[in-house]
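Worksheet: one structure, shown below.
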Amino acid sequence: MKRESKNIKLTPEEISKYTRTFWQILIGVIALVCLFLVGVRVGLFGKLPSFEDLENPRSNLASEILTDDNRVLGTYYLQNRSNVKYSELSPHLVHALVSTEDKRFYDHSGIDYFRTLTTIFHTVVLRDKQGGSTITQQLALNLFSERRERSTIKRVMQKFQEWITAVRLERNYTKEEIIMMYFNTVDFGYKNTFGIKSGARTFFNTTPDKLTAEQAALLVGMLKGPTMYSPIRAADKALTRRNQVLINMHAENFLTDAELAEAKNKPLGLDINISSYGEGLAPYFRSVLKDEIKKELQRLSITKADGTPYDLDRDGLRIYTPLNYKMQEYAEQAQKEWMQKLQREFDKQWRSRDAFSGERAKLLETGMRRSDRYRELKENGASAEEIKKAFNTKVSMSIFTWRGSVDTVMTPMDSIKYNKLILRNSMMAMDPMTGHIKAWVGGVNFEHYKYDHVKMGTRQVGSTAKPFTYAVAIDNGYSPCYTVPNHQQTYGNWTPRGTVQGGDPITLKNAIKYSQNFATAFVINEVGASSVADLTRKMGVTSDVPNYPSIALGAYEASVYDMVGAYSAFVNHGTWIEPTMILRIEDKNGTPIYERTPKVLKVLNSESAYIMVDMLRGVVDGGTGSRVRRADYGGLTIPMGGKTGTTNGNADAWFIGFTPQLVAGVWTGAEDPKISFSSMQYGQGAAAALPVFGLFMKKIYSDKSLNYTKTDFPKPPEGMTRVMDCSEYSRYEGYSSEPELQDDRLGF
């Protein structure tokens, strides 16, 4: 039976009722939405950034260490992130980002409503999840949210927060500033790589302004899923994703057909440069520098505007240093070239001998107690027997070799033995006229041996201390041609040992040339140990220098840092300038917060300093340091001087040398002084330390771009009053002619 439809007619009163109800519901919904948005805005559902936060968005910024030519030497960070300006971004980066993430970026005010509705339709109706966030919304999430919420309800709430923050960002910043901030906040998900500057350096070893179209496309493509599209873990997916970004750039007319085809055909072209605290150039310098900066900022009470101290790992400081990038590379290369050769000779010496018999057995006990493994076992309540067993049980570990780190299995006790037979070496170079440190190598490998031997470590200085004794004599009117006894004598309860070379008596000039102990002991007895100790301290040696006559022969410990600074006073006309590690520091906005003013002290008469330079030139021109003139040790022909040093038992080998423009000091020895070369063939300063200096200087003076010249040492501005040519001195002063040299072999 066919049902008849009924025509339902509404009365005017009923229509009016339904209309009112509709508008009431609509207005109510709008009011609820408005109230909800107001609630979101005032932070009822989670705190939003304040106006001050928008003006100064917080993020963990790495502090950068810069060389004298503004190259990044390294960073201090929790997150390896450094900011860049918009002008420092390659146009390809901007084009890749806009064409892929937000095509209408320049047309909306933080929210792309059409894209949002399209995304909702695809997600809810078609079950095809798509991203609907604009670049500004993504920036809001990066800046002010810990993470993307996984819960649907929480994510919806977070999305509203993003919208409000995005609109506020658009009101406070230009489009260029938003893009800049976005690139500074992205996470590339690999080896602590945050921000485009870090990303460009990590994946392509370049800077953001130099990124090509295909490089920019790869980095922007990774942002959709840093792990999924990682060129390290998923090269094929990364390549496909990169090419899709290139297609997007072409579709938005940022690339021509030819440019697209060329870019798509290129390989990924990675040049991985992982930024790790212990990797890269000058890790020892960077480690010591960090402590020095903290001390200086604390000493001067330099704080942020809110009164809190600066955090090197978070506050994005720019630290300008005088270190030269190329010179640092040359220093590390010189060390490696020589020390791997020297280590082979050291290994041969100990191959058939027990290095830890007798008194040296105590070194193993000391080494064990200093180890982290021992401290951890003690903290966990292990007994002495359990600790002994642990140190004699084989475990997996990585050990240092000059061929690189090697993974192996050995007992912790065997690793202590192994490491104590590894030679250590350190070197520092500085400009004597400014105090600027140009190169710093604190050890042979920071990953395995973190102790710095340039500034933190002190070792007995040996004959490198002798110039201080002669400097006191020269500054008190002695001539370099003055002759002194050169045979063994006793002074009180001290009878120095040594050998005779260069004759007896001997001129002061030849006494230092051949590093004669007997003559030097006589001189300090003449001028006084206290005077020598005072001058040594004035010249920047901060370790304990006692008023004993034996300090003339180096019977005290000092650092490479202090000794290089002291020798610089000879070259700088008698003026000591404190070695400088820091030039200035700027905050993240480029505002200077610290500038270094080094200490300066006149310690020697200018003429006396020049005479000392001339006397020390004799050391390398036929004296104990003459190896530096040989081809296999540098073959240097430039004007230079220096002094070798070797301590008892060849425990410490030193060479401190200088040219008119550069002073460098080198120390070589084992971790423990009781382990050393058995003979002076390899253990003396001329063999174990001088070659590193020679190789370094050869590289420096061969590099024309460094602008080091072969000019001679300038005479003092006041001129000279004393005779330095000993043949002239003998003729005019009535002294007998200089004794014939009995032996021109190398001394120590």
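Residue numbering restarts at 1 in every chain; chains get A, B, ... in the order shown in the structure tokens, and ligands count up from 1 in that same order.
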
With only C-alpha atoms as the counted atoms, please give the residues lying no more than 8 Å from A:Leu281, apart from itself and same-chain residues fewer than 2 positions off, as an mmCIF file with all heavy atoms, in the first residue's frame.
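Result written to around.cif:
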data_model
loop_
_atom_site.group_PDB
_atom_site.id
_atom_site.type_symbol
_atom_site.label_atom_id
_atom_site.label_comp_id
_atom_site.auth_asym_id
_atom_site.auth_seq_id
_atom_site.Cartn_x
_atom_site.Cartn_y
_atom_site.Cartn_z
ATOM 1 N N LEU A 73 86.731 27.087 15.579
ATOM 2 C CA LEU A 73 87.661 26.088 16.077
ATOM 3 C C LEU A 73 86.924 24.957 16.775
ATOM 4 O O LEU A 73 87.339 23.797 16.731
ATOM 5 C CB LEU A 73 88.645 26.750 17.046
ATOM 6 C CG LEU A 73 89.791 25.905 17.567
ATOM 7 C CD1 LEU A 73 90.763 25.582 16.437
ATOM 8 C CD2 LEU A 73 90.529 26.645 18.676
ATOM 9 N N GLY A 74 85.810 25.287 17.405
ATOM 10 C CA GLY A 74 85.023 24.291 18.118
ATOM 11 C C GLY A 74 83.879 24.975 18.844
ATOM 12 O O GLY A 74 83.704 26.191 18.755
ATOM 13 N N GLU A 279 86.933 16.002 19.451
ATOM 14 C CA GLU A 279 87.381 15.892 18.074
ATOM 15 C C GLU A 279 87.678 17.270 17.504
ATOM 16 O O GLU A 279 87.337 18.286 18.078
ATOM 17 C CB GLU A 279 86.319 15.186 17.224
ATOM 18 C CG GLU A 279 86.104 13.737 17.632
ATOM 19 C CD GLU A 279 85.010 13.074 16.816
ATOM 20 O OE1 GLU A 279 84.232 13.783 16.165
ATOM 21 O OE2 GLU A 279 84.935 11.841 16.831
ATOM 22 N N PRO A 283 91.742 20.355 20.850
ATOM 23 C CA PRO A 283 90.839 19.977 21.944
ATOM 24 C C PRO A 283 91.396 20.316 23.322
ATOM 25 O O PRO A 283 90.639 20.679 24.226
ATOM 26 C CB PRO A 283 90.684 18.457 21.768
ATOM 27 C CG PRO A 283 91.902 18.031 21.014
ATOM 28 C CD PRO A 283 92.229 19.177 20.107
ATOM 29 N N GLN A 328 97.655 25.864 13.906
ATOM 30 C CA GLN A 328 97.250 24.776 14.782
ATOM 31 C C GLN A 328 97.302 23.444 14.036
ATOM 32 O O GLN A 328 97.762 22.432 14.568
ATOM 33 C CB GLN A 328 95.835 25.027 15.316
ATOM 34 C CG GLN A 328 95.325 23.947 16.261
ATOM 35 C CD GLN A 328 96.117 23.862 17.553
ATOM 36 O OE1 GLN A 328 96.655 24.851 18.038
ATOM 37 N NE2 GLN A 328 96.192 22.665 18.120
ATOM 38 N N GLU A 329 96.843 23.446 12.795
ATOM 39 C CA GLU A 329 96.941 22.230 11.981
ATOM 40 C C GLU A 329 98.391 21.803 11.819
ATOM 41 O O GLU A 329 98.725 20.616 11.958
ATOM 42 C CB GLU A 329 96.324 22.478 10.601
ATOM 43 C CG GLU A 329 94.809 22.526 10.585
ATOM 44 C CD GLU A 329 94.248 22.676 9.186
ATOM 45 O OE1 GLU A 329 94.805 23.481 8.392
ATOM 46 O OE2 GLU A 329 93.261 21.998 8.872
#

Spatial neighbours of A:Arg596, max dist 8 Å, only C-alpha atoms, sep filter under 2 positions, as a ChimeraX atom specification: /A:580,582-584,594,598

Export of the given selection (all heavy atoms) as an mmCIF file, in the first residue's frame:
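Saved as selection.cif:
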data_model
loop_
_atom_site.group_PDB
_atom_site.id
_atom_site.type_symbol
_atom_site.label_atom_id
_atom_site.label_comp_id
_atom_site.auth_asym_id
_atom_site.auth_seq_id
_atom_site.Cartn_x
_atom_site.Cartn_y
_atom_site.Cartn_z
ATOM 1 N N THR A 580 98.345 35.084 25.880
ATOM 2 C CA THR A 580 96.917 35.402 25.783
ATOM 3 C C THR A 580 96.151 34.314 25.055
ATOM 4 O O THR A 580 96.454 33.997 23.906
ATOM 5 C CB THR A 580 96.724 36.749 25.050
ATOM 6 O OG1 THR A 580 97.411 37.765 25.767
ATOM 7 C CG2 THR A 580 95.253 37.105 24.943
ATOM 8 N N ILE A 582 92.512 34.424 25.202
ATOM 9 C CA ILE A 582 91.220 35.023 24.854
ATOM 10 C C ILE A 582 91.453 36.462 24.404
ATOM 11 O O ILE A 582 92.155 37.212 25.079
ATOM 12 C CB ILE A 582 90.263 35.056 26.060
ATOM 13 C CG1 ILE A 582 90.328 33.757 26.865
ATOM 14 C CG2 ILE A 582 88.837 35.347 25.620
ATOM 15 C CD1 ILE A 582 89.689 33.848 28.233
ATOM 16 N N LEU A 583 90.844 36.841 23.311
ATOM 17 C CA LEU A 583 90.886 38.243 22.899
ATOM 18 C C LEU A 583 89.665 38.991 23.419
ATOM 19 O O LEU A 583 89.785 39.999 24.107
ATOM 20 C CB LEU A 583 90.953 38.348 21.374
ATOM 21 C CG LEU A 583 92.211 37.771 20.717
ATOM 22 C CD1 LEU A 583 92.130 37.906 19.207
ATOM 23 C CD2 LEU A 583 93.460 38.452 21.254
ATOM 24 N N ARG A 584 88.474 38.468 23.111
ATOM 25 C CA ARG A 584 87.239 39.088 23.606
ATOM 26 C C ARG A 584 86.117 38.062 23.531
ATOM 27 O O ARG A 584 86.230 37.033 22.874
ATOM 28 C CB ARG A 584 86.877 40.328 22.802
ATOM 29 C CG ARG A 584 86.418 40.074 21.387
ATOM 30 C CD ARG A 584 86.097 41.382 20.657
ATOM 31 N NE ARG A 584 85.477 41.156 19.369
ATOM 32 C CZ ARG A 584 86.129 40.844 18.262
ATOM 33 N NH1 ARG A 584 87.448 40.688 18.306
ATOM 34 N NH2 ARG A 584 85.484 40.665 17.115
ATOM 35 N N TYR A 594 83.382 40.977 27.368
ATOM 36 C CA TYR A 594 84.702 40.804 27.981
ATOM 37 C C TYR A 594 85.771 41.081 26.937
ATOM 38 O O TYR A 594 85.640 40.682 25.776
ATOM 39 C CB TYR A 594 84.874 39.379 28.512
ATOM 40 C CG TYR A 594 86.275 39.060 28.987
ATOM 41 C CD1 TYR A 594 86.691 39.392 30.267
ATOM 42 C CD2 TYR A 594 87.185 38.431 28.149
ATOM 43 C CE1 TYR A 594 87.978 39.109 30.702
ATOM 44 C CE2 TYR A 594 88.477 38.140 28.575
ATOM 45 C CZ TYR A 594 88.860 38.478 29.853
ATOM 46 O OH TYR A 594 90.140 38.201 30.280
ATOM 47 N N PRO A 598 96.181 41.898 28.592
ATOM 48 C CA PRO A 598 97.244 41.077 29.201
ATOM 49 C C PRO A 598 98.153 41.905 30.104
ATOM 50 O O PRO A 598 98.303 43.121 29.935
ATOM 51 C CB PRO A 598 98.003 40.545 27.984
ATOM 52 C CG PRO A 598 97.770 41.552 26.913
ATOM 53 C CD PRO A 598 96.381 42.078 27.148
#

Could you pull out the strand (DSSP E or B) residues of stretch 666-706 of chain A from DSSP and send them as a ChimeraX atom specification? /A:666-669

Residues at most 10 Å from A:Trp402, counting only C-alpha atoms, excluding those fewer than 2 positions away in the same chain, as a ChimeraX atom specification? /A:336-337,339-341,343-344,400,404-406,444-445

Based on DSSP run over this structure's backbone, return all residues of stretch 480-711 of chain A in helix (DSSP H, G or I), as a ChimeraX atom specification. /A:508-513,517-527,529-538,549-553,560-571,606-620,626-629,631-633,648-650,680-683,685-688,690-702,704-706

Surrounding residues of stretch 213-219 of chain A excluding itself and chain neighbours under 6 positions, 9 Å, only C-alpha atoms, as a ChimeraX atom specification: /A:90-97,188,196,199-200,203-204,229,231,238-239,241-246,249,255,259-260,263-264,266-270

Given only C-alpha atoms as the basis, pick out the residue of A:Thr668, A:Asn253, A:Ser230, A:Thr591 nearest to A:Met427.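 Checking each candidate against A:Met427, we get A:Thr668 as the closest.
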
Spatial neighbours of A:Lys85, max dist 8 Å, only C-alpha atoms, sep filter under 3 positions, as a PyMOL selection string: chain A and resi 88-89+180

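Restricting the calculation to only C-alpha atoms, the smallest distance between A:Gly195 and any of A:Ser287, A:Thr136, A:Ser82, A:Ser676 is found for A:Ser82.
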
Contacts of A:Pro480 at 12 Å (only C-alpha atoms; same-chain gap of 6+ positions) as a CSV table (one decimal) with N, CA and C atoms, in the first residue's frame:
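Result file follows (result.csv):
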chain,number,residue,atom,x,y,z
A,467,PRO,N,119.2,30.0,30.5
A,467,PRO,CA,119.2,31.4,30.0
A,467,PRO,C,118.9,32.4,31.1
A,470,TYR,N,122.1,33.4,32.9
A,470,TYR,CA,122.9,34.2,32.0
A,470,TYR,C,122.3,35.6,31.8
A,471,ALA,N,121.0,35.7,31.8
A,471,ALA,CA,120.3,37.0,31.6
A,471,ALA,C,120.6,37.9,32.8
A,472,VAL,N,120.6,37.3,34.0
A,472,VAL,CA,120.9,38.1,35.2
A,472,VAL,C,122.3,38.7,35.1
A,473,ALA,N,123.3,37.8,34.7
A,473,ALA,CA,124.7,38.2,34.5
A,473,ALA,C,124.8,39.4,33.5
A,474,ILE,N,124.2,39.1,32.3
A,474,ILE,CA,124.2,40.1,31.2
A,474,ILE,C,123.6,41.4,31.7
A,506,ILE,N,135.8,29.3,29.6
A,506,ILE,CA,134.9,29.4,28.5
A,506,ILE,C,134.1,30.7,28.5
A,507,THR,N,133.8,31.3,27.4
A,507,THR,CA,133.0,32.5,27.3
A,507,THR,C,131.6,32.2,27.7
A,508,LEU,N,130.9,33.2,28.2
A,508,LEU,CA,129.5,33.0,28.5
A,508,LEU,C,128.7,32.5,27.3
A,509,LYS,N,129.1,33.1,26.2
A,509,LYS,CA,128.4,32.8,24.9
A,509,LYS,C,128.6,31.4,24.5
A,510,ASN,N,129.8,30.8,24.7
A,510,ASN,CA,130.0,29.4,24.4
A,510,ASN,C,129.4,28.5,25.5
A,511,ALA,N,129.4,29.0,26.7
A,511,ALA,CA,128.9,28.2,27.8
A,511,ALA,C,127.4,27.8,27.6
A,512,ILE,N,126.7,28.8,27.1
A,512,ILE,CA,125.2,28.5,26.8
A,512,ILE,C,125.1,27.8,25.5
A,513,LYS,N,126.0,28.1,24.6
A,513,LYS,CA,125.9,27.4,23.3
A,513,LYS,C,126.1,25.9,23.4
A,523,VAL,N,128.5,30.9,37.3
A,523,VAL,CA,127.8,32.1,37.1
A,523,VAL,C,126.7,32.4,38.1
A,607,GLU,N,118.9,46.1,25.7
A,607,GLU,CA,120.2,45.6,25.2
A,607,GLU,C,120.5,44.3,25.7
A,608,SER,N,120.2,44.0,27.0
A,608,SER,CA,120.5,42.7,27.6
A,608,SER,C,119.7,41.6,26.9
A,609,ALA,N,118.4,42.0,26.6
A,609,ALA,CA,117.6,41.0,25.9
A,609,ALA,C,118.1,40.7,24.6
A,610,TYR,N,118.6,41.7,23.9
A,610,TYR,CA,119.1,41.4,22.5
A,610,TYR,C,120.4,40.6,22.6
A,611,ILE,N,121.2,40.8,23.6
A,611,ILE,CA,122.5,40.0,23.8
A,611,ILE,C,122.1,38.5,24.0
A,612,MET,N,121.0,38.3,24.9
A,612,MET,CA,120.5,37.0,25.1
A,612,MET,C,120.0,36.3,23.9
A,613,VAL,N,119.4,37.0,23.0
A,613,VAL,CA,118.9,36.5,21.7
A,613,VAL,C,120.1,36.1,20.9
A,614,ASP,N,121.1,36.9,20.9
A,614,ASP,CA,122.3,36.6,20.1
A,614,ASP,C,123.0,35.4,20.7
A,615,MET,N,123.1,35.2,22.0
A,615,MET,CA,123.7,34.1,22.6
A,615,MET,C,123.0,32.8,22.3
A,616,LEU,N,121.6,32.9,22.3
A,616,LEU,CA,120.8,31.7,22.1
A,616,LEU,C,120.8,31.4,20.6
A,618,GLY,N,123.5,31.2,19.0
A,618,GLY,CA,124.6,30.3,18.9
A,618,GLY,C,124.3,28.8,19.2
A,722,ARG,N,127.6,47.5,24.2
A,722,ARG,CA,128.5,46.4,24.5
A,722,ARG,C,128.9,45.6,23.3
A,723,VAL,N,130.1,45.1,23.3
A,723,VAL,CA,130.7,44.3,22.2
A,723,VAL,C,130.2,42.9,22.3
A,724,MET,N,129.7,42.4,21.1
A,724,MET,CA,129.2,41.0,21.1
A,724,MET,C,130.2,40.1,20.3
A,725,ASP,N,131.0,40.7,19.5
A,725,ASP,CA,132.0,39.9,18.7
A,725,ASP,C,133.2,39.7,19.6
A,726,CYS,N,133.4,38.4,20.0
A,726,CYS,CA,134.4,38.1,21.0
A,726,CYS,C,135.8,38.4,20.5
A,727,SER,N,136.0,38.3,19.2
A,727,SER,CA,137.4,38.6,18.7
A,727,SER,C,137.7,40.1,19.0
A,728,GLU,N,136.7,40.9,18.8
A,728,GLU,CA,136.8,42.4,19.1
A,728,GLU,C,137.0,42.6,20.6
A,729,TYR,N,136.2,41.9,21.4
A,729,TYR,CA,136.3,42.0,22.8
A,729,TYR,C,137.7,41.6,23.4
A,730,SER,N,138.2,40.6,22.8
A,730,SER,CA,139.5,40.1,23.3
A,730,SER,C,140.6,41.2,22.9
A,738,GLU,N,139.8,33.3,22.3
A,738,GLU,CA,138.8,32.3,22.7
A,738,GLU,C,139.5,30.9,22.6

Contacts of A:Pro639 at 7 Å or less, counting only C-alpha atoms, minus same-chain residues fewer than 2 places along, as a PyMOL selection string? chain A and resi 637+659+710+712

Length of the atom CA of A:Lys643 to atom CA of A:Ile656 vector [Å]: 5.5 Å

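Shortest atom-to-atom contact with A:Pro714 among A:His573, A:Lys197, A:Arg353, A:Lys326: A:His573, counting only C-alpha atoms.
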